[in-house]
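Below is one structure, written out as structure tokens, with a few remarks after it.
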Amino acid sequence: LGRISGIIPPQQIQCNAEVTSIQYDSGSKSFEVSYENSGNQKVIKSSFLFDASGTWQTPTPLIKHKRSTSYPPETIIPNTQDIDNIPTGSKIAVIGGGHSAMNSLLFLSERKDLTLAWLIRAAQPRFGKSKVGGKSAQLEKKIQFLISEGRVELIANFDTQYIEQAGESFTLQAQNGQQIGGVHKIISNIGFSPDHGLVKNFELRLDEKYDCPVHLSDKINPAL
């Protein structure tokens, strides 16, 4: 944003603005972007449109079938207030094999009165695979220490199939038959999906697997 703000004049940056709809005017051959800013409805016209709104508001659902009407709310990465409000003695299940899950475990480990379980679908954590650099290695080293000290229980090959309520806690069932019970809170770090709701009226050419523009799929594919 620092680099961008040096290029774009401040008066052209609309803060506190939420886009509500996008239409295409064939007459003027331009996009009409409707947005709300401080309670006021506004419209701006543009010849070109780039949707870079991201995916953070649309986390991937943990499971498709929920057997309990009292399904526990999933949290992404907990903030300090979330952690402080967790009751003493609670058991937390952190789900996901990436650095988001590791950060959640690291934050939660500061509460010594919580029991932490790390659920991953893989046979083992993907330590040493990141290309981010030194900070990733430091994070992974801290998680390995928490596991070796028994502060975090690592449960591998766990692909959550459904969740059932058991009193005031919940039981997670994996596709291979594994179960973990007595869970009071779930931290879901299994990724996000883009929301194409604003541009659903347009003819989108998206890669079926990665849900991105076709010509970007080879750049997003982690195997490449």
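Chain labels A, B, ... are given in the sequence in which chains occur in the structure tokens; within each chain residues are numbered consecutively from 1, and ligands are likewise numbered from 1 in the order shown.
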
Asn157 (chain A): which residues within 9 Å, counting only C-alpha atoms, same-chain residues fewer than 3 positions away excluded, as a list in words?
-> Leu119, Ile120, Arg121, Ala122, Ala123, Gln124, Ala174, Asn176 and Gln178 of chain A

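Relative to CA of Val19 (chain A), CA of Cys212 (chain A) is found at 20.3 Å.
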
Please, which residues of region 118-180 of chain A, numbered as in this document, come out strand (DSSP E or B) from DSSP, as a list in words?
-> Trp118, Leu119, Val152, Glu153, Leu154, Ile155, Thr160, Gln161, Tyr162, Ile163, Glu164, Gln165, Ala166, Ser169, Phe170, Thr171, Leu172, Gln173, Ala174, Gln179 and Ile180 of chain A

Shell of 10 Å around region 31-35 of chain A, only C-alpha atoms, local chain residues under 5 positions omitted, as a list in words = Gln14, Ala17, Glu18, Val19, Thr20, Ser21, Ile22, Gln23, Tyr24, Asp25, Ser26, Asn40, Gln41, Lys42, Val43, Ile44, Lys45, Ser46, Ser47, Phe48, Leu49 and Leu198 of chain A

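The gap separating CA of Asp84 (chain A) from CA of Gln173 (chain A) is 27.8 Å, in Å to one decimal.
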
Interatomic distance (Å, one decimal) between CA of Gly182 (chain A) and CA of Tyr162 (chain A) = 14.5 Å

Neighbour list for Thr115 (chain A) as an MDAnalysis selection string, cut-off 7 Å, only C-alpha atoms, skip fewer than 3 positions in-chain | chainID A and resid 89:92

Counting only C-alpha atoms, the residue among A:Thr171, A:Ser148, A:Gln161, A:Ser130 that lies closest to Leu62 (chain A) is A:Gln161

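The nearest approach to Gln165 (chain A) among the residues A:Gly150, A:Gly181, A:Asn201, A:Thr88, with only C-alpha atoms taken into account, belongs to A:Gly181.
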
Tell me which protein, DNA and RNA residues are within 7 Å of Ala93 (chain A), counting only C-alpha atoms, leaving out same-chain ones fewer than 3 positions away, and put them as an MDAnalysis selection string.
-> chainID A and resid 116:119 183 185:187

May I have the selected residues written with C-alpha atoms, as an mmCIF file, in the first residue's frame?
```
data_model
loop_
_atom_site.group_PDB
_atom_site.id
_atom_site.type_symbol
_atom_site.label_atom_id
_atom_site.label_comp_id
_atom_site.auth_asym_id
_atom_site.auth_seq_id
_atom_site.Cartn_x
_atom_site.Cartn_y
_atom_site.Cartn_z
ATOM 1 C CA LEU A 116 -4.509 -27.965 22.547
ATOM 2 C CA ALA A 117 -4.945 -30.508 19.750
ATOM 3 C CA TRP A 118 -3.613 -30.012 16.222
ATOM 4 C CA LEU A 119 -5.560 -31.894 13.548
ATOM 5 C CA VAL A 183 -13.667 -30.182 22.223
ATOM 6 C CA LYS A 185 -13.739 -24.573 20.474
ATOM 7 C CA ILE A 186 -12.613 -25.095 16.889
ATOM 8 C CA ILE A 187 -10.016 -22.972 15.128
#
```

Between A:Lys129, A:Lys29, A:Lys141, A:Lys112, which has the minimum distance to Ala223 (chain A) (counting only C-alpha atoms)?
-> A:Lys129

Using DSSP on the backbone coordinates, identify all residues within region 124-176 of chain A classified as alpha helix (DSSP H); present the result as a PyMOL selection string.
-> chain A and resi 134-148

Distance query region 95-107 of chain A at most 6 Å, only C-alpha atoms, self and fewer than 2 positions along chain excluded, as a ChimeraX atom specification | /A:77,109-110,119-120,188-190

Just the residues within 8 Å of region 58-61 of chain A, please, counting only C-alpha atoms, with nothing from its chain fewer than 4 positions along; format it as a PyMOL selection string.
-> chain A and resi 76+190-195
